[in-house]
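Undergrad: Dropping a structure here in structure tokens format, bear with me for questions.
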Amino acid sequence: MTPRAPSAPAVARHGWVQALVAVLASLIAMGVVAALGLWAAGAADLPDGAFPRVVAATVVTAVGGTVKLSGDAGALAGADAGLTVIPLSVTLVGALVLAAGFLSPLRHRAVAGAPELAGWAGRVAVLWLLALLGLAFGARHTFTLSLGDSTISDIGGLFGVSPKVGFTTDVPLTVLFGLLWLAGVLVLALLVSRGAPLPGRLLRFQESVRPAAYAMVALLLAYVALGVVVGLVVAVTRGHRAETLAVILLGLPNLAWLALTLGLGVTWNGRVQGPFGLPMPHVLDEVLRTKDVSALNLSTLSEHDGRVWWLLVVDVVLLLAAAFVLAARSPARMRAWQHALHMAVALALTVLMICLVGRISAHFGLSVLGIGDLGGGLAGKVLLEPQVWSALGLALLWGLVTGFLGALLARPVRRRGPAEKRWDG
């Protein structure tokens, strides 16, 4: 008998079926989270069957798409509306599910060729593009608003004014930003996962990039997990269960990652006007509900609630933990100053991401015969924007300090490098 030739290692399949499963699982997860969050927020009662369209619009904005608002109140009235906010709870769920589906066929592989990875990512991208187009054309609707009991309602009834609000998607921008979002998720998934293969030419970067990427993702998820715990405690002890559930399912990372930057000393500029406001906690609304744009930071928040200084303590603990993880997953030959530099760059990029996705801008106004919001019921504005350059500077400083200290703490558990293995042998 001739000896059997050793069989080549099996290559995991990653064809169109697997790509379809990954894309559909991500979209279903985002749709479910968005629907539950909007239901808890009371959107299920929107008139004219708008709820499914609002869910689709929420998913569109969650992946970077653009939704335009429009107002129409007839010939004798004017309405104006605008909304820029990303429901990061929906975004996070979709990214985690999509990343898991993308990485699943690639696990337990040491190296993968660039053509193989490009082909697999291309299949996912094609199906994702088709899904984006379907969402973009489905996320459009117009419904009538009730004016309630107010002076402007009486004027509106006299002149037959019935304000309508509509929303539609900017299809080209939705496709562009949706594909960029997909690319970011897939690249970050490859960087974070130890078991994911990389092309041979990129292997030399994994020792410096992968530990930092993993540490930052762990840091962001830790803040979200802590936010869930705080939100559930608030719901149980203070009531408002539906509103708290809506915040958790729609915008918890918006608040949790805002807290991360505030603990670093970052200042955000914002203003709240009218009946609209920030959902939680109430101290944010108190600081920002002023005549002019206000500064939101630890100092201004502490004037209303001294407990906000705990954000600084939480930042110290979690950033040191992230720096420890970064150093523990890095080769032992790396020096402390290298870990500090990696931590600083990674934290600065993370804070930049938070500054870009955490902005909020929303306004709505109605006027009849040039008289605006007489009853105080409908006009409102919410604005929240970061001071980006100071935020990046603070992130670099925090990263250098915590990265150096984390490297010192991780010395007993550092992975041994090739040189140390040779000496031990």
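Chain identifiers are assigned as A, B, and so on, following the order in which chains appear in the structure tokens; residues are numbered from 1 within each chain, and ligands are numbered from 1 in order of appearance.
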Would you pick out the contacts of A:Ala44 at 12 Å or less, using only C-alpha atoms, so that residues sharing its chain but fewer than 5 positions from it are not included, and give the list as a list in words?
TA: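 Selected residues are Ala34, Ala35, Leu36, Gly37, Leu38, Trp39, Gly49, Ala50, Phe51, Pro52, Arg53, Val54 and Val55 of chain A.
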Undergrad: Please, which residues in stretch 175-224 of chain A fall within 12 Å of stretch 82-105 of chain A when counting only C-alpha atoms, and what is the closest atom pair and distance in Å to one decimal for each, ordered by chain then residue number, as a Markdown table?
TA:
| residue | atom | partner | partner_atom | distance |
| --- | --- | --- | --- | --- |
| A:Gly178 | CA | A:Thr91 | CA | 11.2 |
| A:Trp181 | CA | A:Ala95 | CA | 8.9 |
| A:Leu182 | CA | A:Ala95 | CA | 8.3 |
| A:Ala183 | CA | A:Ala99 | CA | 10.6 |
| A:Gly184 | CA | A:Ala95 | CA | 9.4 |
| A:Val185 | CA | A:Ala95 | CA | 6.1 |
| A:Leu186 | CA | A:Ala99 | CA | 6.2 |
| A:Val187 | CA | A:Ala99 | CA | 9.2 |
| A:Leu188 | CA | A:Ala99 | CA | 8.4 |
| A:Ala189 | CA | A:Ala99 | CA | 5.6 |
| A:Leu190 | CA | A:Leu103 | CA | 7.5 |
| A:Leu191 | CA | A:Leu103 | CA | 10.9 |
| A:Val192 | CA | A:Ala99 | CA | 10.1 |
| A:Ser193 | CA | A:Leu103 | CA | 8.2 |
| A:Arg194 | CA | A:Leu103 | CA | 10.6 |
| A:Gly195 | CA | A:Leu103 | CA | 8.6 |
| A:Ala196 | CA | A:Leu103 | CA | 6.5 |
| A:Pro197 | CA | A:Leu103 | CA | 9.2 |
| A:Leu198 | CA | A:Leu103 | CA | 11.6 |
| A:Val217 | CA | A:Leu96 | CA | 10.8 |
| A:Leu220 | CA | A:Leu92 | CA | 10.2 |
| A:Leu221 | CA | A:Leu92 | CA | 9.3 |
| A:Val224 | CA | A:Ser89 | CA | 9.0 |
Undergrad: Write out the residues from the selection above, keeping N, CA, C and O atoms, as a PDB file, in the first residue's frame.
TA:
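selection-v7.pdb was written with the following content:
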ATOM      1  N   GLY A 178     -22.417  54.557   4.139  1.00  0.00           N
ATOM      2  CA  GLY A 178     -22.704  53.184   4.545  1.00  0.00           C
ATOM      3  C   GLY A 178     -21.599  52.226   4.153  1.00  0.00           C
ATOM      4  O   GLY A 178     -21.239  51.325   4.915  1.00  0.00           O
ATOM      5  N   TRP A 181     -18.662  52.929   6.428  1.00  0.00           N
ATOM      6  CA  TRP A 181     -18.925  52.306   7.723  1.00  0.00           C
ATOM      7  C   TRP A 181     -18.605  50.817   7.661  1.00  0.00           C
ATOM      8  O   TRP A 181     -17.957  50.261   8.571  1.00  0.00           O
ATOM      9  N   LEU A 182     -19.036  50.161   6.590  1.00  0.00           N
ATOM     10  CA  LEU A 182     -18.752  48.734   6.431  1.00  0.00           C
ATOM     11  C   LEU A 182     -17.249  48.485   6.388  1.00  0.00           C
ATOM     12  O   LEU A 182     -16.739  47.571   7.057  1.00  0.00           O
ATOM     13  N   ALA A 183     -16.531  49.285   5.601  1.00  0.00           N
ATOM     14  CA  ALA A 183     -15.081  49.112   5.509  1.00  0.00           C
ATOM     15  C   ALA A 183     -14.423  49.276   6.872  1.00  0.00           C
ATOM     16  O   ALA A 183     -13.523  48.499   7.238  1.00  0.00           O
ATOM     17  N   GLY A 184     -14.864  50.266   7.642  1.00  0.00           N
ATOM     18  CA  GLY A 184     -14.304  50.465   8.970  1.00  0.00           C
ATOM     19  C   GLY A 184     -14.557  49.282   9.884  1.00  0.00           C
ATOM     20  O   GLY A 184     -13.661  48.862  10.636  1.00  0.00           O
ATOM     21  N   VAL A 185     -15.764  48.727   9.830  1.00  0.00           N
ATOM     22  CA  VAL A 185     -16.093  47.579  10.674  1.00  0.00           C
ATOM     23  C   VAL A 185     -15.233  46.372  10.313  1.00  0.00           C
ATOM     24  O   VAL A 185     -14.688  45.685  11.183  1.00  0.00           O
ATOM     25  N   LEU A 186     -15.090  46.098   9.014  1.00  0.00           N
ATOM     26  CA  LEU A 186     -14.328  44.918   8.589  1.00  0.00           C
ATOM     27  C   LEU A 186     -12.848  45.060   8.912  1.00  0.00           C
ATOM     28  O   LEU A 186     -12.199  44.108   9.371  1.00  0.00           O
ATOM     29  N   VAL A 187     -12.281  46.247   8.685  1.00  0.00           N
ATOM     30  CA  VAL A 187     -10.867  46.459   8.996  1.00  0.00           C
ATOM     31  C   VAL A 187     -10.631  46.350  10.501  1.00  0.00           C
ATOM     32  O   VAL A 187      -9.670  45.706  10.954  1.00  0.00           O
ATOM     33  N   LEU A 188     -11.509  46.966  11.292  1.00  0.00           N
ATOM     34  CA  LEU A 188     -11.352  46.901  12.746  1.00  0.00           C
ATOM     35  C   LEU A 188     -11.506  45.468  13.245  1.00  0.00           C
ATOM     36  O   LEU A 188     -10.796  45.047  14.172  1.00  0.00           O
ATOM     37  N   ALA A 189     -12.402  44.699  12.629  1.00  0.00           N
ATOM     38  CA  ALA A 189     -12.573  43.298  13.026  1.00  0.00           C
ATOM     39  C   ALA A 189     -11.293  42.514  12.790  1.00  0.00           C
ATOM     40  O   ALA A 189     -10.880  41.697  13.623  1.00  0.00           O
ATOM     41  N   LEU A 190     -10.646  42.739  11.661  1.00  0.00           N
ATOM     42  CA  LEU A 190      -9.380  42.049  11.375  1.00  0.00           C
ATOM     43  C   LEU A 190      -8.280  42.465  12.337  1.00  0.00           C
ATOM     44  O   LEU A 190      -7.432  41.666  12.727  1.00  0.00           O
ATOM     45  N   LEU A 191      -8.292  43.741  12.739  1.00  0.00           N
ATOM     46  CA  LEU A 191      -7.252  44.229  13.637  1.00  0.00           C
ATOM     47  C   LEU A 191      -7.436  43.723  15.059  1.00  0.00           C
ATOM     48  O   LEU A 191      -6.459  43.450  15.765  1.00  0.00           O
ATOM     49  N   VAL A 192      -8.673  43.596  15.500  1.00  0.00           N
ATOM     50  CA  VAL A 192      -8.939  43.265  16.897  1.00  0.00           C
ATOM     51  C   VAL A 192      -8.780  41.773  17.162  1.00  0.00           C
ATOM     52  O   VAL A 192      -8.257  41.368  18.211  1.00  0.00           O
ATOM     53  N   SER A 193      -9.210  40.938  16.229  1.00  0.00           N
ATOM     54  CA  SER A 193      -9.246  39.494  16.477  1.00  0.00           C
ATOM     55  C   SER A 193      -7.868  38.865  16.313  1.00  0.00           C
ATOM     56  O   SER A 193      -7.230  39.006  15.268  1.00  0.00           O
ATOM     57  N   ARG A 194      -7.428  38.145  17.336  1.00  0.00           N
ATOM     58  CA  ARG A 194      -6.169  37.419  17.246  1.00  0.00           C
ATOM     59  C   ARG A 194      -6.260  36.267  16.252  1.00  0.00           C
ATOM     60  O   ARG A 194      -5.287  35.907  15.602  1.00  0.00           O
ATOM     61  N   GLY A 195      -7.453  35.658  16.158  1.00  0.00           N
ATOM     62  CA  GLY A 195      -7.604  34.492  15.309  1.00  0.00           C
ATOM     63  C   GLY A 195      -7.827  34.804  13.854  1.00  0.00           C
ATOM     64  O   GLY A 195      -7.903  33.890  13.037  1.00  0.00           O
ATOM     65  N   ALA A 196      -7.945  36.073  13.503  1.00  0.00           N
ATOM     66  CA  ALA A 196      -8.194  36.435  12.105  1.00  0.00           C
ATOM     67  C   ALA A 196      -6.875  36.508  11.349  1.00  0.00           C
ATOM     68  O   ALA A 196      -5.903  37.089  11.842  1.00  0.00           O
ATOM     69  N   PRO A 197      -6.806  35.928  10.155  1.00  0.00           N
ATOM     70  CA  PRO A 197      -5.557  35.960   9.388  1.00  0.00           C
ATOM     71  C   PRO A 197      -5.346  37.297   8.699  1.00  0.00           C
ATOM     72  O   PRO A 197      -6.292  38.028   8.408  1.00  0.00           O
ATOM     73  N   LEU A 198      -4.089  37.603   8.470  1.00  0.00           N
ATOM     74  CA  LEU A 198      -3.711  38.799   7.734  1.00  0.00           C
ATOM     75  C   LEU A 198      -2.829  38.411   6.557  1.00  0.00           C
ATOM     76  O   LEU A 198      -2.154  37.374   6.597  1.00  0.00           O
ATOM     77  N   VAL A 217     -11.179  48.792  21.804  1.00  0.00           N
ATOM     78  CA  VAL A 217     -12.517  48.207  21.682  1.00  0.00           C
ATOM     79  C   VAL A 217     -12.998  47.715  23.037  1.00  0.00           C
ATOM     80  O   VAL A 217     -14.165  47.905  23.415  1.00  0.00           O
ATOM     81  N   LEU A 220     -14.133  50.759  25.069  1.00  0.00           N
ATOM     82  CA  LEU A 220     -15.441  51.276  24.663  1.00  0.00           C
ATOM     83  C   LEU A 220     -16.569  50.349  25.117  1.00  0.00           C
ATOM     84  O   LEU A 220     -17.617  50.813  25.592  1.00  0.00           O
ATOM     85  N   LEU A 221     -16.367  49.036  24.981  1.00  0.00           N
ATOM     86  CA  LEU A 221     -17.397  48.092  25.409  1.00  0.00           C
ATOM     87  C   LEU A 221     -17.557  48.100  26.924  1.00  0.00           C
ATOM     88  O   LEU A 221     -18.672  47.914  27.437  1.00  0.00           O
ATOM     89  N   VAL A 224     -19.816  50.920  27.759  1.00  0.00           N
ATOM     90  CA  VAL A 224     -21.202  50.596  27.418  1.00  0.00           C
ATOM     91  C   VAL A 224     -21.796  49.648  28.454  1.00  0.00           C
ATOM     92  O   VAL A 224     -22.943  49.831  28.895  1.00  0.00           O
TER      93      VAL A 224
END
Undergrad: So that I can see what lies close to stretch 228-234 of chain A, please list as a PyMOL selection string the residues with an atom at most 12 Å from it, counting only C-alpha atoms and leaving out residues fewer than 5 positions away in the same chain.
TA: chain A and resi 89+221-223+239-253+255-256+279-282
Undergrad: Write out as a PyMOL selection string each polymer residue whose atoms come within 9 Å of A:Ala19, counting only C-alpha atoms; drop sequence neighbours fewer than 2 positions from it.
TA: chain A and resi 14-17+21-24+101-102+120-121+123-125+127
Undergrad: If you run DSSP on the backbone, which residues of stretch 235-396 of chain A are alpha helix (DSSP H), as a ChimeraX atom specification?
TA: /A:235-238,241-264,282-288,298-302,310-328,336-357,388-396
Undergrad: Excluding A:Val60 and residues on its chain fewer than 6 positions from it, collect all residues at most 9 Å away from it, counting only C-alpha atoms, and give them as a PyMOL selection string.
TA: chain A and resi 66-67+132+135-136+139+169+174+178
Undergrad: I need the chosen residues saved as a CSV table (one decimal), in the first residue's frame, with N, CA, C and O atoms.
TA:
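And here's part-v1.csv as it stands now:
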chain,number,residue,atom,x,y,z
A,66,THR,N,-27.6,59.4,5.6
A,66,THR,CA,-28.2,60.7,5.8
A,66,THR,C,-29.7,60.8,5.6
A,66,THR,O,-30.2,60.3,4.6
A,67,VAL,N,-30.4,61.2,6.6
A,67,VAL,CA,-31.8,61.4,6.6
A,67,VAL,C,-32.2,62.9,6.6
A,67,VAL,O,-31.7,63.6,7.5
A,132,LEU,N,-28.4,48.6,1.6
A,132,LEU,CA,-28.4,50.0,1.8
A,132,LEU,C,-29.4,50.7,0.9
A,132,LEU,O,-30.2,51.6,1.3
A,135,LEU,N,-32.9,50.0,2.1
A,135,LEU,CA,-33.3,50.9,3.3
A,135,LEU,C,-33.4,52.3,2.9
A,135,LEU,O,-34.3,53.0,3.4
A,136,ALA,N,-32.6,52.8,2.0
A,136,ALA,CA,-32.6,54.2,1.6
A,136,ALA,C,-33.9,54.6,0.9
A,136,ALA,O,-34.5,55.6,1.2
A,139,ALA,N,-36.9,54.3,3.6
A,139,ALA,CA,-36.9,55.2,4.8
A,139,ALA,C,-37.3,56.6,4.3
A,139,ALA,O,-36.6,57.5,4.3
A,169,THR,N,-34.3,60.0,2.6
A,169,THR,CA,-32.8,59.7,2.7
A,169,THR,C,-32.1,60.3,1.4
A,169,THR,O,-32.7,60.3,0.3
A,174,THR,N,-26.0,58.2,1.6
A,174,THR,CA,-26.2,57.0,2.4
A,174,THR,C,-25.4,55.8,1.9
A,174,THR,O,-24.8,55.1,2.7
A,178,GLY,N,-22.4,54.6,4.1
A,178,GLY,CA,-22.7,53.2,4.5
A,178,GLY,C,-21.6,52.2,4.2
A,178,GLY,O,-21.2,51.3,4.9
Undergrad: Find the residue from A:Phe324, A:Trp257, A:Phe167, A:Phe205 that sits nearest to A:Arg140; use only C-alpha atoms when measuring.
TA: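 Among the listed residues, the smallest separation from A:Arg140 belongs to A:Phe167.
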Undergrad: At a cut-off of 9 Å, using only C-alpha atoms, what residues contact stretch 286-295 of chain A? Leave out same-chain residues fewer than 3 positions from it and give the result as a list in words.
TA: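 Final neighbour list, sorted by chain and number: Thr267, Trp268, Asn269, Gly270, Arg271, Val272, Gln273, Gly274, Gly277, His282, Val283, Thr300, Leu301, Glu303, His304, Val382, Leu383 and Leu384 of chain A.
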Undergrad: Those selected residues, please, written with C-alpha atoms and delivered as an mmCIF file, in the first residue's frame.
TA:
data_model
loop_
_atom_site.group_PDB
_atom_site.id
_atom_site.type_symbol
_atom_site.label_atom_id
_atom_site.label_comp_id
_atom_site.auth_asym_id
_atom_site.auth_seq_id
_atom_site.Cartn_x
_atom_site.Cartn_y
_atom_site.Cartn_z
ATOM 1 C CA THR A 267 -15.212 70.241 26.839
ATOM 2 C CA TRP A 268 -18.320 69.998 24.670
ATOM 3 C CA ASN A 269 -20.311 73.036 23.562
ATOM 4 C CA GLY A 270 -24.063 72.775 23.460
ATOM 5 C CA ARG A 271 -27.470 74.247 23.988
ATOM 6 C CA VAL A 272 -30.963 72.938 24.700
ATOM 7 C CA GLN A 273 -33.978 75.073 23.840
ATOM 8 C CA GLY A 274 -37.697 74.388 23.870
ATOM 9 C CA GLY A 277 -33.796 67.878 25.488
ATOM 10 C CA HIS A 282 -30.980 65.413 33.869
ATOM 11 C CA VAL A 283 -27.831 67.301 34.877
ATOM 12 C CA THR A 300 -19.742 73.091 34.821
ATOM 13 C CA LEU A 301 -21.397 69.766 35.633
ATOM 14 C CA GLU A 303 -21.804 73.051 39.870
ATOM 15 C CA HIS A 304 -25.063 71.088 39.618
ATOM 16 C CA VAL A 382 -30.597 70.624 20.700
ATOM 17 C CA LEU A 383 -26.915 71.173 19.920
ATOM 18 C CA LEU A 384 -23.861 69.312 21.214
#
